[in-house]
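Structure file data_13.cif with mmCIF, C-alpha atoms:
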```cif
data_entry
#
loop_
_atom_site.label_atom_id
_atom_site.label_comp_id
_atom_site.auth_asym_id
_atom_site.auth_seq_id
_atom_site.Cartn_x
_atom_site.Cartn_y
_atom_site.Cartn_z
CA MET Y 1 0.00 0.00 0.00
CA PRO Y 2 1.54 3.38 -0.95
CA GLU Y 3 2.28 5.95 1.72
CA PRO Y 4 -0.33 8.70 2.07
CA THR Y 5 0.60 11.92 0.32
CA PHE Y 6 -1.89 14.13 2.21
CA GLU Y 7 -2.71 16.00 -1.00
CA GLU Y 8 -6.30 16.64 0.07
CA LEU Y 9 -5.09 17.93 3.44
CA HIS Y 10 -2.57 20.18 1.70
CA ARG Y 11 -5.33 21.60 -0.51
CA GLN Y 12 -7.68 22.22 2.42
CA LEU Y 13 -5.02 23.94 4.50
CA SER Y 14 -3.91 26.12 1.59
CA ASN Y 15 -7.49 27.12 0.82
CA GLY Y 16 -8.05 27.80 4.50
CA GLY Y 17 -5.22 30.33 4.54
CA VAL Y 18 -2.85 28.39 6.82
CA ALA Y 19 0.68 29.82 6.71
CA PRO Y 20 2.88 27.83 4.26
CA ARG Y 21 5.49 27.06 6.94
CA PHE Y 22 2.86 25.38 9.11
CA ILE Y 23 1.47 23.46 6.13
CA SER Y 24 4.85 22.05 5.20
CA ARG Y 25 5.66 21.25 8.84
CA THR Y 26 2.31 19.51 9.35
CA LEU Y 27 2.76 17.38 6.23
CA LEU Y 28 6.35 16.47 7.12
CA GLU Y 29 5.44 15.50 10.67
CA LEU Y 30 2.40 13.49 9.59
CA GLN Y 31 4.51 11.61 7.05
CA GLU Y 32 7.11 10.77 9.67
CA HIS Y 33 4.42 9.86 12.19
CA TYR Y 34 2.81 7.53 9.66
CA ARG Y 35 6.16 5.79 9.08
CA ASP Y 36 6.64 5.34 12.82
CA LEU Y 37 3.18 3.83 13.19
CA GLU Y 38 3.73 1.54 10.22
CA SER Y 39 7.08 0.36 11.61
CA GLU Y 40 5.44 -0.29 14.97
CA GLY Y 41 2.76 -2.40 13.26
CA LEU Y 42 5.37 -4.43 11.42
CA ARG Y 43 7.32 -4.92 14.66
CA LEU Y 44 4.16 -6.28 16.26
CA GLY Y 45 3.91 -8.88 13.51
CA LEU Y 46 1.28 -7.33 11.23
CA THR Y 47 1.51 -7.85 7.50
CA ALA Y 48 2.62 -4.83 5.45
CA ALA Y 49 -0.94 -4.12 4.31
CA ALA Y 50 -2.37 -4.46 7.82
CA ALA Y 51 0.39 -2.25 9.26
CA ALA Y 52 -0.37 0.42 6.67
CA ARG Y 53 -4.12 0.25 7.38
CA SER Y 54 -3.52 0.42 11.12
CA ALA Y 55 -1.14 3.39 10.72
CA ARG Y 56 -3.71 5.31 8.68
CA ALA Y 57 -6.44 4.57 11.21
CA GLN Y 58 -4.34 5.68 14.18
CA LEU Y 59 -3.25 8.87 12.50
CA GLY Y 60 -6.89 9.87 12.01
CA ASP Y 61 -8.65 10.97 8.88
CA GLU Y 62 -7.46 13.99 6.94
CA GLN Y 63 -10.75 15.85 7.40
CA ALA Y 64 -10.39 15.74 11.19
CA ILE Y 65 -6.78 16.90 11.01
CA ALA Y 66 -7.73 19.71 8.64
CA ARG Y 67 -10.52 20.81 10.99
CA ALA Y 68 -8.12 20.82 13.94
CA VAL Y 69 -5.61 22.99 12.06
CA LEU Y 70 -8.23 25.36 10.67
CA ALA Y 71 -9.71 25.80 14.14
CA ARG Y 72 -6.50 27.60 15.13
CA PRO Y 73 -6.50 31.12 13.69
CA GLU Y 74 -2.98 31.71 14.97
CA LEU Y 75 -1.68 29.27 12.33
CA ARG Y 76 -3.13 31.27 9.47
CA THR Y 77 -1.11 33.60 7.33
CA TRP Y 78 -1.41 37.28 8.31
CA THR Y 79 -3.08 38.12 4.98
CA GLN Y 80 -6.13 36.14 6.13
CA ASP Y 81 -6.42 38.20 9.30
CA TRP Y 82 -5.76 41.59 7.64
CA PRO Y 83 -7.15 41.25 4.10
CA ARG Y 84 -7.50 45.03 3.52
CA LEU Y 85 -3.94 45.67 4.62
CA ALA Y 86 -2.72 42.82 2.40
CA ALA Y 87 -4.58 44.26 -0.58
CA GLY Y 88 -3.40 47.84 0.01
CA LEU Y 89 0.19 47.15 0.95
CA PRO Y 90 1.55 46.38 -2.55
CA MET Y 91 0.03 49.63 -3.88
CA ALA Y 92 1.47 51.65 -0.99
CA LEU Y 93 4.87 50.07 -1.61
CA TRP Y 94 4.76 50.99 -5.29
CA VAL Y 95 3.82 54.59 -4.50
CA ALA Y 96 6.69 54.78 -2.00
CA LEU Y 97 9.11 53.19 -4.46
CA LEU Y 98 8.37 55.38 -7.50
CA PRO Y 99 10.46 58.40 -6.42
CA ALA Y 100 13.25 56.08 -5.34
CA VAL Y 101 13.16 54.31 -8.71
CA SER Y 102 13.59 57.57 -10.61
CA VAL Y 103 16.52 58.63 -8.40
CA VAL Y 104 18.19 55.25 -8.79
CA TYR Y 105 17.62 55.35 -12.55
CA CYS Y 106 19.21 58.80 -12.82
CA VAL Y 107 22.23 57.72 -10.77
CA ASP Y 108 22.69 54.53 -12.80
CA HIS Y 109 22.23 56.20 -16.20
CA GLY Y 110 23.87 59.56 -15.47
CA ALA Y 111 26.03 59.54 -18.63
CA THR Y 112 23.11 58.71 -20.91
CA ILE Y 113 20.92 61.36 -19.33
CA ALA Y 114 23.73 63.96 -19.69
CA ARG Y 115 24.23 63.00 -23.36
CA TRP Y 116 20.51 63.27 -24.08
CA SER Y 117 20.27 66.60 -22.23
CA LEU Y 118 23.21 67.94 -24.20
CA SER Y 119 21.68 66.77 -27.48
CA ALA Y 120 18.32 68.30 -26.59
CA GLY Y 121 20.05 71.57 -25.60
CA LEU Y 122 22.00 71.65 -28.87
CA ALA Y 123 18.84 70.95 -30.84
CA VAL Y 124 17.10 73.85 -29.10
CA LEU Y 125 20.05 76.14 -29.86
CA VAL Y 126 20.21 75.12 -33.54
CA THR Y 127 16.45 75.51 -33.94
CA ALA Y 128 16.54 78.92 -32.24
CA ALA Y 129 19.43 80.01 -34.47
CA LEU Y 130 17.58 78.89 -37.59
CA MET Y 131 14.42 80.70 -36.49
CA LEU Y 132 16.38 83.87 -35.76
CA GLY Y 133 18.16 83.60 -39.13
CA LEU Y 134 14.84 83.12 -40.91
CA GLN Y 135 13.27 86.03 -39.04
CA SER Y 136 16.19 88.37 -39.83
CA MET Y 137 16.01 87.39 -43.52
CA LEU Y 138 12.31 88.24 -43.58
CA LEU Y 139 12.74 91.52 -41.74
CA PHE Y 140 15.80 92.87 -43.58
CA MET R 1 -18.12 38.44 46.92
CA LEU R 2 -15.72 37.20 44.33
CA MET R 3 -16.97 36.87 40.82
CA ALA R 4 -16.97 33.33 39.48
CA GLN R 5 -13.93 32.71 37.31
CA SER R 6 -14.64 31.45 33.85
CA ASN R 7 -12.89 28.30 32.72
CA PRO R 8 -12.58 28.39 28.94
CA PRO R 9 -9.60 26.04 28.74
CA PHE R 10 -11.46 23.35 30.71
CA MET R 11 -11.85 20.32 28.42
CA SER R 12 -10.38 21.81 25.27
CA GLY R 13 -7.22 22.61 27.22
CA VAL R 14 -6.55 19.01 28.30
CA PRO R 15 -4.28 18.04 25.38
CA GLU R 16 -2.42 21.30 25.82
CA LEU R 17 -1.97 20.69 29.55
CA LEU R 18 -0.65 17.18 28.93
CA VAL R 19 1.70 18.32 26.17
CA LEU R 20 3.15 21.08 28.34
CA GLN R 21 3.53 18.72 31.29
CA LEU R 22 5.32 16.04 29.26
CA LEU R 23 7.57 18.45 27.40
CA GLY R 24 8.54 19.96 30.74
CA ARG R 25 10.29 16.68 31.49
CA ARG R 26 12.27 16.36 28.25
CA GLU R 27 12.12 17.32 24.59
CA MET R 28 10.12 14.98 22.36
CA TYR R 29 8.82 14.68 18.83
CA GLY R 30 5.16 14.17 17.94
CA TYR R 31 5.04 10.38 17.80
CA GLU R 32 6.92 10.06 21.11
CA LEU R 33 4.60 12.59 22.68
CA VAL R 34 1.42 10.78 21.62
CA LYS R 35 2.78 7.52 23.06
CA ALA R 36 3.73 9.30 26.28
CA VAL R 37 0.21 10.78 26.58
CA ARG R 38 -1.21 7.29 26.21
CA VAL R 39 1.09 5.92 28.91
CA VAL R 40 0.71 8.69 31.50
CA THR R 41 -3.08 8.78 31.19
CA GLY R 42 -3.38 4.98 31.31
CA GLU R 43 -4.93 5.21 27.83
CA ALA R 44 -7.85 7.17 29.33
CA ILE R 45 -7.20 9.92 26.81
CA SER R 46 -6.57 8.84 23.26
CA LEU R 47 -6.13 11.50 20.65
CA GLY R 48 -6.55 11.06 16.91
CA GLU R 49 -2.78 11.08 16.62
CA GLY R 50 -2.60 13.56 13.74
CA VAL R 51 -4.37 16.28 15.72
CA ILE R 52 -1.42 16.62 18.10
CA TYR R 53 0.39 18.73 15.49
CA PRO R 54 -1.97 21.71 15.42
CA VAL R 55 -1.74 21.76 19.22
CA LEU R 56 2.07 21.77 19.05
CA HIS R 57 2.18 24.39 16.32
CA GLY R 58 -0.27 26.63 18.16
CA LEU R 59 1.83 26.44 21.32
CA GLU R 60 4.97 27.13 19.33
CA LYS R 61 3.36 30.18 17.72
CA ALA R 62 2.38 31.39 21.20
CA GLY R 63 6.00 31.07 22.30
CA ALA R 64 5.30 28.27 24.77
CA LEU R 65 7.34 25.71 22.83
CA ARG R 66 10.53 25.75 20.85
CA ALA R 67 10.92 23.46 17.83
CA ARG R 68 14.10 22.22 16.23
CA ARG R 69 14.66 19.83 13.35
CA LYS R 70 17.04 16.96 13.80
CA GLU R 71 18.15 14.30 11.33
CA VAL R 72 18.06 10.89 12.99
CA SER R 73 18.97 7.81 10.91
CA GLY R 74 17.86 9.49 7.70
CA ARG R 75 14.58 10.64 9.26
CA THR R 76 13.62 14.24 9.96
CA ARG R 77 12.40 14.66 13.49
CA VAL R 78 10.95 17.89 14.82
CA TYR R 79 11.70 18.01 18.53
CA TYR R 80 9.72 20.27 20.84
CA SER R 81 10.83 21.65 24.18
CA LEU R 82 9.23 23.91 26.75
CA THR R 83 10.21 27.58 26.97
CA ILE R 84 10.02 29.77 30.08
CA LYS R 85 6.81 31.21 28.72
CA GLY R 86 5.53 27.65 28.29
CA ARG R 87 6.41 26.82 31.90
CA ARG R 88 4.38 29.80 33.08
CA ARG R 89 1.50 28.79 30.83
CA PHE R 90 1.62 25.26 32.26
CA ASP R 91 1.56 26.57 35.85
CA ARG R 92 -1.44 28.72 35.05
CA LEU R 93 -3.32 25.90 33.28
CA ALA R 94 -2.48 23.38 36.03
CA LYS R 95 -3.85 25.74 38.69
CA GLU R 96 -7.00 26.24 36.62
CA TRP R 97 -7.36 22.49 36.18
CA ASP R 98 -6.97 21.94 39.95
CA ARG R 99 -9.60 24.56 40.67
CA VAL R 100 -12.10 23.07 38.22
CA SER R 101 -11.46 19.44 39.10
CA SER R 102 -11.73 20.10 42.85
CA GLY R 103 -15.01 21.90 42.17
CA VAL R 104 -16.31 18.90 40.21
CA ARG R 105 -15.09 16.46 42.89
CA SER R 106 -16.78 18.52 45.55
CA ALA R 107 -20.01 18.59 43.54
CA LEU R 108 -19.92 14.84 42.97
CA GLY R 109 -19.26 14.22 46.68
CA GLU R 110 -22.22 16.29 47.83
CA PRO R 111 -25.40 14.52 48.93
CA GLU R 112 -28.32 14.85 46.54
CA HIS R 113 -30.85 17.54 47.32
CA ALA R 114 -34.50 16.56 47.57
#
```
Step by step, read the file and then write its structure as structure tokens.
Amino acid sequence: MPEPTFEELHRQLSNGGVAPRFISRTLLELQEHYRDLESEGLRLGLTAAAAARSARAQLGDEQAIARAVLARPELRTWTQDWPRLAAGLPMALWVALLPAVSVVYCVDHGATIARWSLSAGLAVLVTAALMLGLQSMLLF
Amino acid sequence: MLMAQSNPPFMSGVPELLVLQLLGRREMYGYELVKAVRVVTGEAISLGEGVIYPVLHGLEKAGALRARRKEVSGRTRVYYSLTIKGRRRFDRLAKEWDRVSSGVRSALGEPEHA
């Protein structure tokens, strides 16, 4: 009989908003616990199939375990307890980061910005000179 | 007159009380702990063994227990031990348990009223 994978339990805990670290710990510990129970069954002389069945029965069904975990709000991720904060935080972070991003960009691309500024300045000067030249030709 | 104290952790706090008591003696992992509960209670309290983990994780989150992973013969064991905060929590729960159980004993020992 294959070892239980606790996929259904994993799904229920994830959907219930349990913090990932507690989900992975729960699954790891249940897996190890199952192996201990199975070894104990084999030591007592059960067949492999009977030891596996007994181990599953002693561990309890996944629904009951899921209910026990979900009954503890302290094991949930903070985004479940503060949904508005979780939704607003990324936006607030972006707003706070925007000025910093522009400063960092200017520092990192200083040479390019200087070159472009110089080019734009020269273009303005050339255009102004041409306009002045054109105006003086029309006037005189 | 003193107000009656509430006892929210009465029955639901029993696994927690036992876990704190046993981990106060030495560090243990989940499977060991469940077996120890069975032994010390004379099998009067049998838990669905998988439900011990939410109790342990809740106590760890509350700072009452400390968890550490240990590799033993290719197996990953998560050992739990009691913290100072856990010791205080145990003392408080044990006192509460004594108060409630002595109240129940006293009630059971009283003669029936007509």
Determine, using all atoms listed in the file, which residues of chain R have any atom at most 8 Å from an atom of chain Y, and tabulate each with its shortest atom pair and distance in Å to one decimal place, rows ordered by chain and then rising number, as JSON lines.
```
{"residue": "R:Gly30", "atom": "CA", "partner": "Y:His33", "partner_atom": "CA", "distance": 7.2}
{"residue": "R:Tyr31", "atom": "CA", "partner": "Y:His33", "partner_atom": "CA", "distance": 5.7}
{"residue": "R:Gly48", "atom": "CA", "partner": "Y:Gly60", "partner_atom": "CA", "distance": 5.1}
{"residue": "R:Glu49", "atom": "CA", "partner": "Y:Leu59", "partner_atom": "CA", "distance": 4.7}
{"residue": "R:Gly50", "atom": "CA", "partner": "Y:Leu59", "partner_atom": "CA", "distance": 4.9}
{"residue": "R:Val51", "atom": "CA", "partner": "Y:Ile65", "partner_atom": "CA", "distance": 5.3}
{"residue": "R:Tyr53", "atom": "CA", "partner": "Y:Thr26", "partner_atom": "CA", "distance": 6.5}
{"residue": "R:Pro54", "atom": "CA", "partner": "Y:Val69", "partner_atom": "CA", "distance": 5.1}
{"residue": "R:His57", "atom": "CA", "partner": "Y:Phe22", "partner_atom": "CA", "distance": 7.3}
{"residue": "R:Gly58", "atom": "CA", "partner": "Y:Leu75", "partner_atom": "CA", "distance": 6.6}
{"residue": "R:Lys61", "atom": "CA", "partner": "Y:Glu74", "partner_atom": "CA", "distance": 7.1}
{"residue": "R:Arg75", "atom": "CA", "partner": "Y:Glu32", "partner_atom": "CA", "distance": 7.5}
{"residue": "R:Thr76", "atom": "CA", "partner": "Y:Glu32", "partner_atom": "CA", "distance": 7.4}
{"residue": "R:Arg77", "atom": "CA", "partner": "Y:Glu29", "partner_atom": "CA", "distance": 7.6}
{"residue": "R:Val78", "atom": "CA", "partner": "Y:Glu29", "partner_atom": "CA", "distance": 7.3}
```
Include C-alpha atoms and write out the residues we just selected as a short mmCIF file (atom, residue, chain, number, x, y, z; two decimals), in the frame of the given file.
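The result, written out as result_24.cif:
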```
data_model
loop_
_atom_site.label_atom_id
_atom_site.label_comp_id
_atom_site.auth_asym_id
_atom_site.auth_seq_id
_atom_site.Cartn_x
_atom_site.Cartn_y
_atom_site.Cartn_z
CA GLY R 30 5.16 14.17 17.94
CA TYR R 31 5.04 10.38 17.80
CA GLY R 48 -6.55 11.06 16.91
CA GLU R 49 -2.78 11.08 16.62
CA GLY R 50 -2.60 13.56 13.74
CA VAL R 51 -4.37 16.28 15.72
CA TYR R 53 0.39 18.73 15.49
CA PRO R 54 -1.97 21.71 15.42
CA HIS R 57 2.18 24.39 16.32
CA GLY R 58 -0.27 26.63 18.16
CA LYS R 61 3.36 30.18 17.72
CA ARG R 75 14.58 10.64 9.26
CA THR R 76 13.62 14.24 9.96
CA ARG R 77 12.40 14.66 13.49
CA VAL R 78 10.95 17.89 14.82
#
```
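Around region 13-20 of chain R, within 8 Å and counting only C-alpha atoms, the residues found are Pro9, Phe10, Leu23, Gly24, Leu33, Val37, Ile52, Val55, Leu56, Leu82, Gly86, Arg87, Phe90, Leu93 and Ala94 of chain R, once anything fewer than 3 positions away on its own chain is removed.
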Next on the checklist: Rounded to one decimal, what separation in Å do you get between CA of Arg53 (chain Y) and CA of Glu71 (chain R)?
Outcome noted: 26.6 Å
Next on the checklist: I'd like to see the residues matched by the PyMOL selection byres ((chain Y and resi 49-51) around 8) on this file, and ideally I'd get them as a PyMOL selection string.
Outcome noted: chain Y and resi 1+37-42+46-48+52-55
Item to check | Given the PyMOL selection byres ((chain R and resi 66) around 8), the residues it picks as a ChimeraX atom specification | outcome: /R:60,63-65,67-68,80-83
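Atom pair CA of Pro83 (chain Y) / CA of Gln63 (chain Y): separated by 25.9 Å.
As for CA of Val40 (chain R) and CA of Ser73 (chain R), they are spaced 27.5 Å apart.
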Next on the checklist: Using the chain letters and numbers from this file, what does the PyMOL selection byres ((chain Y and resi 19) around 8) select? Give the answer as a PyMOL selection string.
Outcome noted: chain Y and resi 14+17-18+20-23+75-78
Kindly complete region 63-74 of chain R to all heavy atoms; the output should be written as a PDB file, in the frame of the given file.
```
ATOM      1  N   GLY R  63       4.730  30.913  21.597  1.00  0.00           N
ATOM      2  CA  GLY R  63       6.000  31.070  22.300  1.00  0.00           C
ATOM      3  C   GLY R  63       6.164  30.130  23.489  1.00  0.00           C
ATOM      4  O   GLY R  63       7.122  30.242  24.249  1.00  0.00           O
ATOM      5  N   ALA R  64       5.223  29.193  23.633  1.00  0.00           N
ATOM      6  CA  ALA R  64       5.300  28.270  24.770  1.00  0.00           C
ATOM      7  C   ALA R  64       6.240  27.100  24.491  1.00  0.00           C
ATOM      8  O   ALA R  64       6.753  26.471  25.414  1.00  0.00           O
ATOM      9  CB  ALA R  64       3.907  27.740  25.106  1.00  0.00           C
ATOM     10  N   LEU R  65       6.441  26.811  23.214  1.00  0.00           N
ATOM     11  CA  LEU R  65       7.340  25.710  22.830  1.00  0.00           C
ATOM     12  C   LEU R  65       8.381  26.206  21.843  1.00  0.00           C
ATOM     13  O   LEU R  65       8.149  27.175  21.125  1.00  0.00           O
ATOM     14  CB  LEU R  65       6.551  24.574  22.163  1.00  0.00           C
ATOM     15  CG  LEU R  65       5.462  23.870  22.952  1.00  0.00           C
ATOM     16  CD1 LEU R  65       4.854  22.768  22.098  1.00  0.00           C
ATOM     17  CD2 LEU R  65       5.995  23.288  24.247  1.00  0.00           C
ATOM     18  N   ARG R  66       9.490  25.480  21.838  1.00  0.00           N
ATOM     19  CA  ARG R  66      10.530  25.750  20.850  1.00  0.00           C
ATOM     20  C   ARG R  66      10.671  24.475  20.013  1.00  0.00           C
ATOM     21  O   ARG R  66      10.645  23.371  20.568  1.00  0.00           O
ATOM     22  CB  ARG R  66      11.851  26.045  21.568  1.00  0.00           C
ATOM     23  CG  ARG R  66      12.969  26.552  20.689  1.00  0.00           C
ATOM     24  CD  ARG R  66      14.246  26.820  21.477  1.00  0.00           C
ATOM     25  NE  ARG R  66      14.033  27.794  22.548  1.00  0.00           N
ATOM     26  CZ  ARG R  66      14.097  27.512  23.847  1.00  0.00           C
ATOM     27  NH1 ARG R  66      14.348  26.278  24.262  1.00  0.00           N
ATOM     28  NH2 ARG R  66      13.914  28.436  24.767  1.00  0.00           N
ATOM     29  N   ALA R  67      10.788  24.634  18.696  1.00  0.00           N
ATOM     30  CA  ALA R  67      10.920  23.460  17.830  1.00  0.00           C
ATOM     31  C   ALA R  67      12.268  23.482  17.142  1.00  0.00           C
ATOM     32  O   ALA R  67      12.768  24.542  16.802  1.00  0.00           O
ATOM     33  CB  ALA R  67       9.811  23.469  16.782  1.00  0.00           C
ATOM     34  N   ARG R  68      12.848  22.291  17.006  1.00  0.00           N
ATOM     35  CA  ARG R  68      14.100  22.220  16.230  1.00  0.00           C
ATOM     36  C   ARG R  68      14.097  20.916  15.434  1.00  0.00           C
ATOM     37  O   ARG R  68      13.629  19.882  15.922  1.00  0.00           O
ATOM     38  CB  ARG R  68      15.330  22.321  17.116  1.00  0.00           C
ATOM     39  CG  ARG R  68      15.571  21.131  17.983  1.00  0.00           C
ATOM     40  CD  ARG R  68      16.770  21.325  18.893  1.00  0.00           C
ATOM     41  NE  ARG R  68      16.951  20.136  19.718  1.00  0.00           N
ATOM     42  CZ  ARG R  68      17.868  19.222  19.489  1.00  0.00           C
ATOM     43  NH1 ARG R  68      18.699  19.348  18.477  1.00  0.00           N
ATOM     44  NH2 ARG R  68      17.964  18.160  20.277  1.00  0.00           N
ATOM     45  N   ARG R  69      14.592  21.020  14.205  1.00  0.00           N
ATOM     46  CA  ARG R  69      14.660  19.830  13.350  1.00  0.00           C
ATOM     47  C   ARG R  69      15.941  19.081  13.608  1.00  0.00           C
ATOM     48  O   ARG R  69      16.981  19.709  13.836  1.00  0.00           O
ATOM     49  CB  ARG R  69      14.628  20.230  11.884  1.00  0.00           C
ATOM     50  CG  ARG R  69      13.266  20.635  11.424  1.00  0.00           C
ATOM     51  CD  ARG R  69      13.276  20.891   9.948  1.00  0.00           C
ATOM     52  NE  ARG R  69      12.052  21.576   9.577  1.00  0.00           N
ATOM     53  CZ  ARG R  69      11.388  21.359   8.458  1.00  0.00           C
ATOM     54  NH1 ARG R  69      11.829  20.489   7.585  1.00  0.00           N
ATOM     55  NH2 ARG R  69      10.299  22.013   8.177  1.00  0.00           N
ATOM     56  N   LYS R  70      15.844  17.774  13.568  1.00  0.00           N
ATOM     57  CA  LYS R  70      17.040  16.960  13.800  1.00  0.00           C
ATOM     58  C   LYS R  70      16.979  15.765  12.862  1.00  0.00           C
ATOM     59  O   LYS R  70      15.929  15.122  12.754  1.00  0.00           O
ATOM     60  CB  LYS R  70      17.001  16.511  15.263  1.00  0.00           C
ATOM     61  CG  LYS R  70      18.310  16.054  15.828  1.00  0.00           C
ATOM     62  CD  LYS R  70      18.140  15.907  17.339  1.00  0.00           C
ATOM     63  CE  LYS R  70      19.121  14.940  17.924  1.00  0.00           C
ATOM     64  NZ  LYS R  70      18.857  14.697  19.348  1.00  0.00           N
ATOM     65  N   GLU R  71      18.077  15.481  12.189  1.00  0.00           N
ATOM     66  CA  GLU R  71      18.150  14.300  11.330  1.00  0.00           C
ATOM     67  C   GLU R  71      18.567  13.109  12.175  1.00  0.00           C
ATOM     68  O   GLU R  71      19.611  13.140  12.819  1.00  0.00           O
ATOM     69  CB  GLU R  71      19.184  14.513  10.211  1.00  0.00           C
ATOM     70  CG  GLU R  71      18.838  15.634   9.243  1.00  0.00           C
ATOM     71  CD  GLU R  71      17.649  15.322   8.341  1.00  0.00           C
ATOM     72  OE1 GLU R  71      17.474  14.146   7.983  1.00  0.00           O
ATOM     73  OE2 GLU R  71      16.886  16.265   8.028  1.00  0.00           O
ATOM     74  N   VAL R  72      17.741  12.088  12.218  1.00  0.00           N
ATOM     75  CA  VAL R  72      18.060  10.890  12.990  1.00  0.00           C
ATOM     76  C   VAL R  72      17.888   9.677  12.082  1.00  0.00           C
ATOM     77  O   VAL R  72      16.777   9.385  11.646  1.00  0.00           O
ATOM     78  CB  VAL R  72      17.132  10.751  14.231  1.00  0.00           C
ATOM     79  CG1 VAL R  72      17.500   9.532  15.059  1.00  0.00           C
ATOM     80  CG2 VAL R  72      17.152  12.001  15.079  1.00  0.00           C
ATOM     81  N   SER R  73      18.983   9.000  11.785  1.00  0.00           N
ATOM     82  CA  SER R  73      18.970   7.810  10.910  1.00  0.00           C
ATOM     83  C   SER R  73      18.202   8.082   9.607  1.00  0.00           C
ATOM     84  O   SER R  73      17.314   7.294   9.232  1.00  0.00           O
ATOM     85  CB  SER R  73      18.359   6.609  11.614  1.00  0.00           C
ATOM     86  OG  SER R  73      18.799   6.500  12.923  1.00  0.00           O
ATOM     87  N   GLY R  74      18.496   9.166   8.979  1.00  0.00           N
ATOM     88  CA  GLY R  74      17.860   9.490   7.700  1.00  0.00           C
ATOM     89  C   GLY R  74      16.426   9.991   7.829  1.00  0.00           C
ATOM     90  O   GLY R  74      15.759  10.204   6.830  1.00  0.00           O
TER      91      GLY R  74
END
```
